[in-house]
>>> print(open('my_file_7.cif').read())   # mmCIF, C-alpha atoms
data_input
loop_
_atom_site.label_atom_id
_atom_site.label_comp_id
_atom_site.auth_asym_id
_atom_site.auth_seq_id
_atom_site.Cartn_x
_atom_site.Cartn_y
_atom_site.Cartn_z
CA MET O 1 -47.27 38.63 32.15
CA ASN O 2 -44.04 36.95 31.10
CA PRO O 3 -43.89 37.14 27.26
CA ALA O 4 -42.08 33.80 27.20
CA TRP O 5 -45.34 32.04 28.09
CA ALA O 6 -46.97 33.08 24.82
CA LEU O 7 -43.90 32.11 22.80
CA LEU O 8 -43.67 28.71 24.44
CA ARG O 9 -47.39 28.21 23.89
CA LEU O 10 -47.08 28.90 20.17
CA ALA O 11 -44.07 26.63 19.71
CA SER O 12 -45.38 23.84 21.96
CA PRO O 13 -46.09 20.40 20.48
CA GLN O 14 -49.24 20.55 22.63
CA LEU O 15 -50.70 23.18 20.30
CA PRO O 16 -53.60 21.15 18.87
CA ILE O 17 -53.01 21.60 15.15
CA GLY O 18 -51.69 18.18 14.15
CA GLY O 19 -48.18 19.22 13.19
CA TYR O 20 -46.67 15.97 14.44
CA SER O 21 -48.84 13.97 12.04
CA TYR O 22 -46.63 14.96 9.09
CA SER O 23 -43.01 14.28 8.14
CA GLN O 24 -42.68 16.64 5.14
CA GLY O 25 -41.13 13.94 2.99
CA LEU O 26 -38.60 12.81 5.59
CA GLU O 27 -40.30 9.47 6.16
CA MET O 28 -39.93 8.72 2.45
CA ALA O 29 -36.28 9.78 2.54
CA VAL O 30 -35.74 7.22 5.30
CA GLU O 31 -37.70 4.58 3.38
CA ASN O 32 -35.56 4.92 0.23
CA GLY O 33 -32.29 5.08 2.17
CA ARG O 34 -31.40 8.68 1.43
CA VAL O 35 -31.49 9.31 5.19
CA ASN O 36 -30.12 6.36 7.14
CA ASP O 37 -28.06 7.72 10.04
CA ALA O 38 -27.32 10.88 12.01
CA ALA O 39 -24.92 12.27 9.38
CA SER O 40 -27.35 11.89 6.48
CA ALA O 41 -30.17 13.23 8.66
CA ARG O 42 -28.11 16.32 9.43
CA ARG O 43 -27.46 16.83 5.71
CA TRP O 44 -31.16 16.47 4.83
CA ILE O 45 -32.32 18.89 7.52
CA SER O 46 -29.51 21.38 6.78
CA ASP O 47 -30.43 21.45 3.11
CA GLN O 48 -34.09 21.98 3.94
CA LEU O 49 -33.21 24.82 6.30
CA LEU O 50 -30.83 26.76 4.06
CA LEU O 51 -32.04 25.91 0.55
CA ASN O 52 -35.79 25.89 1.13
CA LEU O 53 -36.98 27.37 4.42
CA ALA O 54 -34.56 30.31 4.56
CA ARG O 55 -35.27 31.28 0.95
CA PHE O 56 -39.02 30.81 0.77
CA GLU O 57 -41.07 29.21 3.54
CA ALA O 58 -39.62 31.27 6.39
CA PRO O 59 -39.69 34.70 4.70
CA LEU O 60 -43.21 34.00 3.44
CA LEU O 61 -44.38 33.15 6.94
CA LEU O 62 -42.59 36.20 8.34
CA ALA O 63 -44.37 38.38 5.77
CA HIS O 64 -47.70 36.96 6.98
CA CYS O 65 -46.78 37.79 10.58
CA ARG O 66 -45.71 41.33 9.72
CA ALA O 67 -48.86 42.02 7.71
CA ALA O 68 -51.06 40.71 10.54
CA ALA O 69 -49.17 42.77 13.14
CA ASP O 70 -49.49 45.90 10.98
CA GLU O 71 -53.19 45.25 10.25
CA ASP O 72 -52.39 45.32 6.55
CA TRP O 73 -55.31 43.10 5.57
CA PRO O 74 -55.05 43.57 1.78
CA ARG O 75 -51.39 42.54 1.94
CA LEU O 76 -52.26 39.58 4.11
CA ALA O 77 -54.94 38.47 1.67
CA GLN O 78 -52.43 38.62 -1.18
CA LEU O 79 -49.91 36.60 0.80
CA CYS O 80 -52.57 33.97 1.51
CA GLU O 81 -53.13 33.50 -2.22
CA GLU O 82 -49.40 33.27 -2.86
CA HIS O 83 -49.01 30.70 -0.11
CA ARG O 84 -51.86 28.57 -1.42
CA ALA O 85 -50.45 28.66 -4.95
CA SER O 86 -46.98 27.71 -3.76
CA ARG O 87 -47.91 24.26 -2.41
CA GLU O 88 -46.16 22.00 -4.90
CA THR O 89 -47.71 18.66 -3.97
CA ARG O 90 -51.04 17.40 -2.72
CA GLU O 91 -49.42 16.32 0.53
CA LEU O 92 -47.94 19.77 1.26
CA TYR O 93 -51.22 21.45 0.34
CA GLN O 94 -53.31 19.18 2.54
CA GLU O 95 -50.87 19.55 5.43
CA SER O 96 -51.03 23.35 5.34
CA ARG O 97 -54.80 23.36 4.89
CA GLN O 98 -55.49 20.90 7.73
CA MET O 99 -53.19 22.69 10.18
CA GLY O 100 -54.61 26.06 9.15
CA TYR O 101 -58.14 24.80 9.72
CA SER O 102 -57.15 23.49 13.15
CA LEU O 103 -55.61 26.85 14.04
CA GLN O 104 -58.77 28.59 12.86
CA GLN O 105 -60.91 26.45 15.16
CA LEU O 106 -58.53 27.10 18.03
CA LEU O 107 -58.43 30.87 17.52
CA ASN O 108 -62.20 31.16 17.11
CA GLY O 109 -62.61 29.68 20.57
CA LEU O 110 -60.10 31.98 22.28
CA PRO O 111 -60.83 35.44 23.70
CA GLU O 112 -57.46 36.96 22.72
CA LEU O 113 -58.23 37.30 19.00
CA ASP O 114 -59.38 40.86 18.30
CA ASN O 115 -62.38 41.70 16.12
CA ALA O 116 -60.39 42.85 13.08
CA ALA O 117 -58.37 39.63 12.95
CA ARG O 118 -61.45 37.51 13.69
CA SER O 119 -63.33 39.18 10.84
CA PHE O 120 -60.46 38.55 8.42
CA LEU O 121 -60.24 34.91 9.45
CA GLU O 122 -63.96 34.42 8.95
CA ARG O 123 -63.65 35.66 5.37
CA CYS O 124 -61.00 33.06 4.51
CA SER O 125 -62.51 30.01 2.86
CA GLU O 126 -59.34 27.91 3.20
CA PRO O 127 -57.09 29.25 5.97
CA HIS O 128 -53.60 27.79 5.87
CA LEU O 129 -50.87 27.31 8.43
CA ALA O 130 -48.94 30.55 7.81
CA LEU O 131 -52.10 32.63 8.18
CA GLY O 132 -53.17 30.87 11.36
CA TRP O 133 -49.67 31.21 12.79
CA ALA O 134 -49.59 34.94 12.02
CA LEU O 135 -52.98 35.56 13.62
CA ALA O 136 -52.06 33.48 16.67
CA ALA O 137 -48.90 35.56 17.08
CA ARG O 138 -50.98 38.74 16.80
CA ALA O 139 -53.52 37.46 19.33
CA TRP O 140 -50.84 36.52 21.86
CA GLY O 141 -48.70 39.62 21.41
CA ILE O 142 -45.74 37.84 19.84
CA SER O 143 -43.50 39.87 17.54
CA PRO O 144 -43.14 38.69 13.92
CA ASP O 145 -39.46 37.81 14.42
CA ASP O 146 -40.23 35.76 17.53
CA ALA O 147 -43.14 34.07 15.77
CA LEU O 148 -40.78 33.04 12.99
CA ALA O 149 -38.29 31.69 15.55
CA ALA O 150 -41.08 29.66 17.18
CA TRP O 151 -42.11 28.24 13.81
CA LEU O 152 -38.54 27.29 12.88
CA TRP O 153 -38.05 25.62 16.25
CA SER O 154 -41.29 23.65 15.95
CA TRP O 155 -40.27 22.56 12.43
CA LEU O 156 -36.88 21.34 13.64
CA GLU O 157 -38.35 19.59 16.67
CA ASN O 158 -40.85 17.81 14.43
CA GLN O 159 -38.13 16.65 12.02
CA LEU O 160 -36.12 15.23 14.92
CA ALA O 161 -39.23 13.47 16.25
CA VAL O 162 -39.72 11.88 12.82
CA LEU O 163 -36.13 10.61 12.88
CA MET O 164 -36.52 9.07 16.33
CA LYS O 165 -39.59 7.19 15.12
CA THR O 166 -38.18 5.99 11.79
CA LEU O 167 -34.46 5.50 12.45
CA PRO O 168 -32.49 3.83 15.23
CA LEU O 169 -31.83 7.33 16.58
CA GLY O 170 -32.09 7.81 20.32
CA GLN O 171 -32.81 10.92 22.34
CA GLN O 172 -29.16 11.67 23.06
CA ALA O 173 -28.30 11.48 19.37
CA ALA O 174 -31.25 13.76 18.63
CA GLN O 175 -29.94 16.25 21.18
CA ARG O 176 -26.49 16.17 19.59
CA LEU O 177 -28.14 16.88 16.24
CA THR O 178 -30.01 19.77 17.82
CA SER O 179 -26.74 21.30 19.04
CA GLU O 180 -25.27 20.97 15.55
CA LEU O 181 -28.32 22.40 13.81
CA LEU O 182 -29.15 25.36 16.04
CA PRO O 183 -26.58 27.66 14.34
CA LEU O 184 -28.21 26.82 11.00
CA LEU O 185 -31.62 27.54 12.47
CA GLN O 186 -30.34 30.97 13.49
CA GLN O 187 -28.84 31.49 10.03
CA ALA O 188 -32.15 30.58 8.38
CA GLN O 189 -34.00 33.08 10.56
CA GLN O 190 -31.54 35.86 9.77
CA GLU O 191 -31.61 35.20 6.04
CA ALA O 192 -35.40 35.07 6.02
CA ALA O 193 -35.60 38.43 7.77
CA ARG O 194 -33.42 40.27 5.26
CA ILE O 195 -34.44 38.73 1.93
CA ASP O 196 -36.30 41.04 -0.46
CA PRO O 197 -39.90 39.90 -1.11
CA SER O 198 -39.24 39.94 -4.84
CA HIS O 199 -36.60 37.25 -4.29
CA PHE O 200 -38.77 34.80 -2.35
CA GLY O 201 -38.43 31.38 -3.92
CA SER O 202 -36.75 28.00 -3.86
CA ALA O 203 -36.56 24.91 -6.03
CA ALA O 204 -36.67 22.05 -3.54
CA PHE O 205 -37.09 19.30 -6.10
CA GLY O 206 -35.92 16.57 -3.73
CA LEU O 207 -38.51 17.57 -1.16
CA SER O 208 -41.28 17.63 -3.75
CA LEU O 209 -40.34 14.21 -5.09
CA ALA O 210 -40.15 12.78 -1.58
CA CYS O 211 -43.59 14.17 -0.72
CA MET O 212 -45.14 12.82 -3.92
CA ALA O 213 -43.60 9.40 -3.30
CA HIS O 214 -44.78 9.49 0.30
CA GLU O 215 -48.37 9.87 -0.89
CA ARG O 216 -48.04 6.36 -2.36
CA GLN O 217 -45.82 4.81 0.29
CA TYR O 218 -47.36 1.49 1.28
CA SER O 219 -46.54 1.46 4.98
CA ARG O 220 -46.08 4.75 6.82
CA LEU O 221 -46.43 6.37 10.22
CA PHE O 222 -47.19 9.89 9.02
CA ARG O 223 -50.10 11.37 7.11
CA SER O 224 -50.16 12.19 3.44
#
>>> encode(input="my_file_7.cif", output="structure tokens")
Amino acid sequence: MNPAWALLRLASPQLPIGGYSYSQGLEMAVENGRVNDAASARRWISDQLLLNLARFEAPLLLAHCRAAADEDWPRLAQLCEEHRASRETRELYQESRQMGYSLQQLLNGLPELDNAARSFLERCSEPHLALGWALAARAWGISPDDALAAWLWSWLENQLAVLMKTLPLGQQAAQRLTSELLPLLQQAQQEAARIDPSHFGSAAFGLSLACMAHERQYSRLFRS
């Protein structure tokens, strides 16, 4: 079977986990004017990629995928606790928990998940997105590096979808942004793959503040 099918399946917006219900603070950044055109959108997404995802979110997800692939269940359990503790706002916590729960329901109904992974998932009281992603990659035979690439792509695609719904930004402009941002996506993946686990961490204060403000935003398209 063509391995691209599994990769496309994991990265597809049709994966029923609700990822496109969230903006990760971007809707609030548009509301307060911090992001108001293609240039400011590029700056916001670039900062998120290189200052947050590449330093913490991406290497943490990659570590989940590697532990699941290696059947290192104690390590995976430790990473789950670290991931849960790292959610800085209620919105980010609820997003990860809801999407993880949806992935759990999906995986439980699929035949590809092996018994060892299924048993581990059943023991998790609050599965989160990174865990579900790692176990989906294991079930579908996707390498950890490719699983990380799929996650980064789905994150970028979601951010661009948010912009098209909240800004006067058309599809052609979004495609131009994609061309400009793909090298940074590659850079984020490479940095995530080589960072030492003891150096995982970021201080994305702007993102945290945007997410907290979004929880109280009066009129919004995306969940909090």
>>> residues_around(input="my_file_7.cif", residues="stretch 203-215 of chain O", least_positions_apart="5", cutoff="9 Å", atoms="only C-alpha atoms", output="ChimeraX atom specification")
/O:23-29,48,51-52,88-92,220,223-224
>>> atom_distance(input="my_file_7.cif", atom1="atom CA of O:Gln171", atom2="atom CA of O:Glu95")
26.2 Å
>>> residues_around(input="my_file_7.cif", residues="O:Trp153", least_positions_apart="4", cutoff="10 Å", atoms="all atoms listed in the file", output="CSV table (one decimal) with C-alpha atoms, in the frame of the given file")
chain,number,residue,atom,x,y,z
O,11,ALA,CA,-44.1,26.6,19.7
O,12,SER,CA,-45.4,23.8,22.0
O,147,ALA,CA,-43.1,34.1,15.8
O,148,LEU,CA,-40.8,33.0,13.0
O,149,ALA,CA,-38.3,31.7,15.6
O,157,GLU,CA,-38.4,19.6,16.7
O,158,ASN,CA,-40.8,17.8,14.4
O,159,GLN,CA,-38.1,16.6,12.0
O,182,LEU,CA,-29.2,25.4,16.0
O,185,LEU,CA,-31.6,27.5,12.5
O,186,GLN,CA,-30.3,31.0,13.5
>>> closest_residue(input="my_file_7.cif", among="O:Ala63, O:Ala6, O:Ala38, O:Ile195", to="O:Leu160", atoms="all atoms listed in the file")
O:Ala38
>>> closest_residue(input="my_file_7.cif", among="O:Ala54, O:Ala193, O:Met1, O:Ala136", to="O:Asn108", atoms="all atoms listed in the file")
O:Ala136
>>> atom_distance(input="my_file_7.cif", atom1="atom CA of O:Ser46", atom2="atom CA of O:Leu181")
7.2 Å
>>> atom_distance(input="my_file_7.cif", atom1="atom CA of O:Leu163", atom2="atom CA of O:Asp145")
27.4 Å
>>> resolve_selection(input="my_file_7.cif", expression="the PyMOL selection byres ((chain O and resi 77-81) around 12)", output="PyMOL selection string")
chain O and resi 57+59-68+71-76+82-87+96-97+100+117+120-121+123-134+197+200
>>> closest_residue(input="my_file_7.cif", among="O:Asp114, O:Pro144, O:Ala188, O:Arg194", to="O:Asp47", atoms="only C-alpha atoms")
O:Ala188
>>> closest_residue(input="my_file_7.cif", among="O:Asp146, O:Glu31, O:Asp37, O:Glu180", to="O:Pro168", atoms="all atoms listed in the file")
O:Asp37
>>> residues_around(input="my_file_7.cif", residues="O:Leu8", least_positions_apart="4", cutoff="12 Å", atoms="all atoms listed in the file", output="mmCIF file with C-alpha atoms, keeping the file's coordinate frame")
data_model
loop_
_atom_site.group_PDB
_atom_site.id
_atom_site.type_symbol
_atom_site.label_atom_id
_atom_site.label_comp_id
_atom_site.auth_asym_id
_atom_site.auth_seq_id
_atom_site.Cartn_x
_atom_site.Cartn_y
_atom_site.Cartn_z
ATOM 1 C CA ASN O 2 -44.040 36.950 31.100
ATOM 2 C CA PRO O 3 -43.890 37.140 27.260
ATOM 3 C CA ALA O 4 -42.080 33.800 27.200
ATOM 4 C CA SER O 12 -45.380 23.840 21.960
ATOM 5 C CA PRO O 13 -46.090 20.400 20.480
ATOM 6 C CA GLN O 14 -49.240 20.550 22.630
ATOM 7 C CA LEU O 15 -50.700 23.180 20.300
ATOM 8 C CA ALA O 137 -48.900 35.560 17.080
ATOM 9 C CA TRP O 140 -50.840 36.520 21.860
ATOM 10 C CA ILE O 142 -45.740 37.840 19.840
ATOM 11 C CA ASP O 146 -40.230 35.760 17.530
ATOM 12 C CA ALA O 147 -43.140 34.070 15.770
ATOM 13 C CA ALA O 149 -38.290 31.690 15.550
ATOM 14 C CA ALA O 150 -41.080 29.660 17.180
ATOM 15 C CA TRP O 151 -42.110 28.240 13.810
ATOM 16 C CA TRP O 153 -38.050 25.620 16.250
ATOM 17 C CA SER O 154 -41.290 23.650 15.950
#
>>> closest_residue(input="my_file_7.cif", among="O:Ala192, O:Ala41, O:Ala58, O:Asn32", to="O:Met164", atoms="all atoms listed in the file")
O:Ala41
>>> closest_residue(input="my_file_7.cif", among="O:Phe56, O:Gln94, O:Arg176, O:Ala116", to="O:Ala139", atoms="all atoms listed in the file")
O:Ala116
